[in-house]
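The next block is start19.txt, given as compact mmCIF, C-alpha atoms.
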```txt
# COMPACT_ATOMS: atom_id res chain seq x y z
CA MET D 85 0.00 0.00 0.00
CA GLY D 86 1.30 3.40 -0.92
CA GLU D 87 1.66 6.56 1.11
CA LEU D 88 -1.43 8.14 -0.45
CA ALA D 89 -3.60 5.15 0.43
CA ARG D 90 -2.34 5.20 4.02
CA GLU D 91 -3.04 8.93 4.27
CA THR D 92 -6.55 8.36 2.91
CA GLN D 93 -7.16 5.55 5.40
CA GLY D 94 -6.18 7.87 8.23
CA ARG D 95 -8.40 10.70 6.96
CA LEU D 96 -11.37 8.35 6.62
CA ARG D 97 -10.80 6.82 10.06
CA ASP D 98 -10.45 10.21 11.75
CA ALA D 99 -13.57 11.64 10.11
CA LEU D 100 -15.66 8.58 10.93
CA ALA D 101 -14.37 8.52 14.52
CA ALA D 102 -15.48 12.12 14.95
CA ARG D 103 -18.97 11.34 13.63
CA HIS D 104 -19.37 7.94 15.30
CA PRO D 105 -17.41 8.00 18.57
CA ALA D 106 -19.27 4.99 19.98
CA LEU D 107 -17.23 2.80 17.64
CA GLU D 108 -13.50 2.16 17.97
CA TRP D 109 -12.00 2.98 14.56
CA GLN D 110 -8.84 1.21 13.36
CA VAL D 111 -6.86 1.01 10.14
CA GLU D 112 -5.52 -2.30 8.85
CA HIS D 113 -7.76 -4.27 11.20
CA ARG D 114 -7.15 -8.02 11.01
CA LEU D 115 -10.21 -10.19 10.58
CA ALA D 116 -9.27 -13.89 10.64
CA GLY D 117 -5.94 -13.04 9.07
CA THR D 118 -7.49 -10.80 6.41
CA PRO D 119 -6.53 -7.13 6.66
CA VAL D 120 -9.46 -4.75 6.34
CA ASP D 121 -8.59 -1.16 5.44
CA ILE D 122 -10.74 0.44 8.15
CA ALA D 123 -12.93 -1.05 10.86
CA GLY D 124 -15.34 0.53 13.30
CA ILE D 125 -15.93 -1.84 16.20
CA GLY D 126 -18.68 -1.60 18.78
CA ASP D 127 -20.19 -3.97 21.30
CA ASP D 128 -22.70 -5.39 18.84
CA ARG D 129 -21.91 -3.52 15.61
CA LEU D 130 -19.09 -3.85 13.10
CA VAL D 131 -18.41 -1.46 10.23
CA LEU D 132 -15.83 -2.47 7.63
CA LEU D 133 -14.47 -0.28 4.84
CA GLU D 134 -12.50 -1.62 1.93
CA LEU D 135 -10.69 0.98 -0.14
CA GLU D 136 -10.20 0.05 -3.80
CA TRP D 137 -7.58 2.15 -5.61
CA ARG D 138 -6.55 0.09 -8.63
CA ARG D 139 -7.04 -3.50 -7.54
CA ALA D 140 -7.30 -6.00 -10.36
CA ASP D 141 -9.95 -8.01 -8.52
CA PRO D 142 -11.95 -5.99 -5.96
CA ALA D 143 -14.50 -8.82 -5.72
CA ASP D 144 -11.84 -10.83 -3.90
CA ASN D 145 -11.89 -8.43 -0.93
CA ALA D 146 -15.67 -8.65 -0.75
CA ALA D 147 -15.72 -12.44 -1.11
CA LYS D 148 -13.17 -12.92 1.72
CA LEU D 149 -15.25 -10.83 4.10
CA PHE D 150 -18.43 -12.66 3.22
CA ARG D 151 -16.72 -16.02 3.56
CA HIS D 152 -15.76 -15.02 7.12
CA LEU D 153 -19.36 -14.00 7.75
CA GLU D 154 -20.68 -17.35 6.51
CA ALA D 155 -18.09 -19.24 8.58
CA GLY D 156 -19.44 -17.61 11.75
CA LEU D 157 -16.37 -15.49 12.47
CA LEU D 158 -18.56 -12.40 12.86
CA ASP D 159 -21.27 -13.94 15.02
CA ALA D 160 -20.43 -11.62 17.93
CA PHE D 161 -22.04 -8.72 16.04
CA ASP D 162 -25.77 -8.06 15.63
CA ALA D 163 -25.17 -5.68 12.72
CA ILE D 164 -22.39 -5.70 10.14
CA THR D 165 -22.00 -3.02 7.49
CA VAL D 166 -19.46 -3.12 4.67
CA CYS D 167 -18.79 0.03 2.66
CA HIS D 168 -16.76 -0.72 -0.44
CA CYS D 169 -15.05 2.50 -1.57
CA PHE D 170 -14.19 2.70 -5.26
CA THR D 171 -12.03 5.37 -6.90
CA GLU D 172 -12.66 6.71 -10.39
CA TYR D 173 -10.22 4.09 -11.67
CA TYR D 174 -13.26 1.79 -12.00
CA ASP D 175 -15.28 4.31 -14.04
CA LEU D 176 -15.53 3.76 -17.79
CA ALA D 177 -14.89 6.62 -20.21
CA SER D 178 -18.08 5.63 -22.03
CA GLY D 179 -20.10 5.85 -18.81
CA GLY D 180 -20.89 3.32 -16.12
CA VAL D 181 -18.38 1.26 -14.21
CA SER D 182 -16.03 -1.60 -15.04
CA SER D 183 -16.99 -5.24 -14.81
CA LYS D 184 -14.45 -5.55 -11.98
CA ARG D 185 -16.53 -3.18 -9.87
CA LYS D 186 -19.81 -4.74 -11.03
CA ASN D 187 -18.57 -8.16 -9.91
CA ALA D 188 -17.59 -6.84 -6.46
CA GLU D 189 -20.98 -5.16 -6.05
CA PHE D 190 -22.75 -8.33 -7.16
CA VAL D 191 -20.98 -10.36 -4.48
CA GLY D 192 -21.93 -7.73 -1.90
CA ARG D 193 -25.60 -7.63 -2.94
CA ILE D 194 -25.91 -11.42 -2.81
CA ALA D 195 -24.37 -11.53 0.67
CA SER D 196 -26.65 -8.77 1.97
CA ARG D 197 -29.71 -10.61 0.67
CA ALA D 198 -28.57 -13.86 2.28
CA VAL D 199 -27.89 -12.50 5.80
CA ASP D 200 -30.39 -10.22 7.57
CA ARG D 201 -27.86 -8.55 9.88
CA PHE D 202 -25.50 -7.72 7.04
CA ALA D 203 -25.50 -4.64 4.78
CA TYR D 204 -23.27 -3.87 1.80
CA HIS D 205 -22.90 -0.44 0.20
CA PRO D 206 -20.68 0.59 -2.70
CA VAL D 207 -19.33 4.10 -2.14
CA GLU D 208 -17.63 6.57 -4.46
CA LEU D 209 -14.22 7.96 -3.56
CA PRO D 210 -14.32 10.61 -6.28
CA LEU D 211 -10.71 10.91 -7.34
CA GLU D 212 -8.46 9.42 -9.99
CA PRO D 213 -5.72 7.61 -8.09
CA PRO D 214 -2.25 8.35 -9.42
CA LYS D 215 -0.13 5.58 -10.80
CA ARG D 216 2.90 4.59 -8.74
CA GLY D 217 5.14 7.63 -8.43
CA GLY D 218 2.43 9.99 -9.70
CA ASP D 219 1.44 13.28 -8.16
CA ARG D 220 -0.85 13.46 -5.15
CA PRO D 221 -4.36 14.49 -6.26
CA PRO D 222 -5.03 18.05 -5.08
CA ASP D 223 -8.69 17.19 -4.46
CA LEU D 224 -7.94 14.41 -1.94
CA PRO D 225 -9.42 16.16 1.14
CA ALA D 226 -12.65 17.04 -0.70
CA ALA D 227 -12.90 13.51 -2.15
CA VAL D 228 -12.51 11.98 1.30
CA ASP D 229 -15.14 14.36 2.71
CA ARG D 230 -17.62 13.31 0.01
CA ALA D 231 -16.92 9.62 0.65
CA VAL D 232 -17.39 10.10 4.41
CA ASP D 233 -20.72 11.88 3.81
CA SER D 234 -21.88 8.91 1.75
CA ILE D 235 -20.64 6.35 4.31
CA ASP D 236 -22.27 8.36 7.08
CA ARG D 237 -25.66 8.18 5.35
CA HIS D 238 -25.38 4.38 5.26
CA LEU D 239 -24.42 4.19 8.93
CA GLU D 240 -27.36 6.33 10.07
CA ARG D 241 -29.87 3.76 8.84
```
Would you mind writing the structure in this file as structure tokens?
Amino acid sequence: MGELARETQGRLRDALAARHPALEWQVEHRLAGTPVDIAGIGDDRLVLLELEWRRADPADNAAKLFRHLEAGLLDAFDAITVCHCFTEYYDLASGGVSSKRKNAEFVGRIASRAVDRFAYHPVELPLEPPKRGGDRPPDLPAAVDRAVDSIDRHLER
């Protein structure tokens, strides 16, 4: 993970911690050996955020989390919310989103239909991530703020 991704994780964690102080917010939280970018942990509630910059297979992150759910590793929680944050890397020039993103969202929708206490939400992180060694996007703080607003709406439900 690059410096920009780590900075973004920290910004997201800090903003969510300020809005939802009842949860303990962590970056790189380990869940059965699987690192999750950001986790908000409460007595009976778990919020997981996966940040997708340029991953070749974002459905893999979703599938691992849902496999842990099915295996009973998250039984301690009455409510589990996954917000899957996608950058503009997954947007198509012709409109819409890539099949990589569609596949990840499909896995999430199926899991949320199968388990009542589970919710999955795709979220926009509206910035074009730079390639390795590229310049830091000047709109990073505003992009993170917009993503947090969207995540916050899902957590208020």
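Coordinates place atom CA of D:His152 at a distance of 21.7 Å from atom CA of D:Phe170.
With all atoms listed in the file as the atoms that count, the minimum distance from D:Arg151 to the choices D:Val199, D:Leu130, D:Ala231, D:Leu176 is reached by D:Val199.
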Discussion item. Excluding D:Pro210 and its own-chain neighbours fewer than 5 positions away, which residues fall within 8 Å of it when counting all atoms listed in the file? Please give them as a PyMOL selection string.
Written reply: chain D and resi 170-172+227-228+230-231
Item to complete: Could you jot down the atom CA of D:Val131 to atom CA of D:Gly94 separation for me, Å, one decimal place?
Response: 15.5 Å
Worksheet entry | Neighbour list for D:Glu208 as a VMD selection string, cut-off 12 Å, only C-alpha atoms, skip fewer than 4 positions in-chain | chain D and resid 133 to 137 167 to 175 181 185 212 227 to 235
Response to the item:
Closest of D:Leu224, D:Leu149, D:Thr165, D:Gly124 to D:Ala102, counting only C-alpha atoms, is D:Gly124
Hey, can I get the axis-aligned box for stretch 177-180 of chain D? All listed atoms, 4 Å padding on each side, centre and edge lengths in Å to one decimal, as AutoDock Vina command-line options.
```
--center_x -17.9 --center_y 5.0 --center_z -19.1 --size_x 14.0 --size_y 11.3 --size_z 13.9
```
Item to complete: Could you give me, as number ranges by chain, the residues that sit within 7 Å of (-20.8, -10.0, 8.4) in the file's coordinates, counting only C-alpha atoms?
Response: D: 150, 153, 158, 164, 202
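Atom pair atom CA of D:His113 / atom CA of D:Arg216: separated by 24.3 Å.
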Discussion item. Under the rule that all atoms listed in the file are counted, which of D:Ala163, D:Val111, D:Ala147, D:Leu157 is the nearest residue to D:Asp128?
Written reply: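 Residue with the minimum atom-to-atom distance to D:Asp128: D:Ala163.
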Worksheet item: Which one is closest to D:Leu115: D:Leu132, D:Ala226, D:Ala177, D:Ala143? Count all atoms listed in the file.
Response: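 Comparing D:Leu132, D:Ala226, D:Ala177, D:Ala143 against D:Leu115, the winner is D:Leu132.
The shortest atom-to-atom distance to D:Gly126, with all atoms listed in the file taken into account, belongs to D:Ala160 out of D:Val166, D:Ala160, D:Ala155, D:Ala140.
Of the listed residues D:Ile194, D:Leu209, D:Ala146, D:Ile125, the one whose atoms come nearest to D:Ala101 is D:Ile125, with distances taken using only C-alpha atoms.
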Worksheet entry | Spatial neighbours of D:Glu112, 7 Å, all atoms listed in the file, chain gap at least 3 places, as a ChimeraX atom specification | /D:119-122
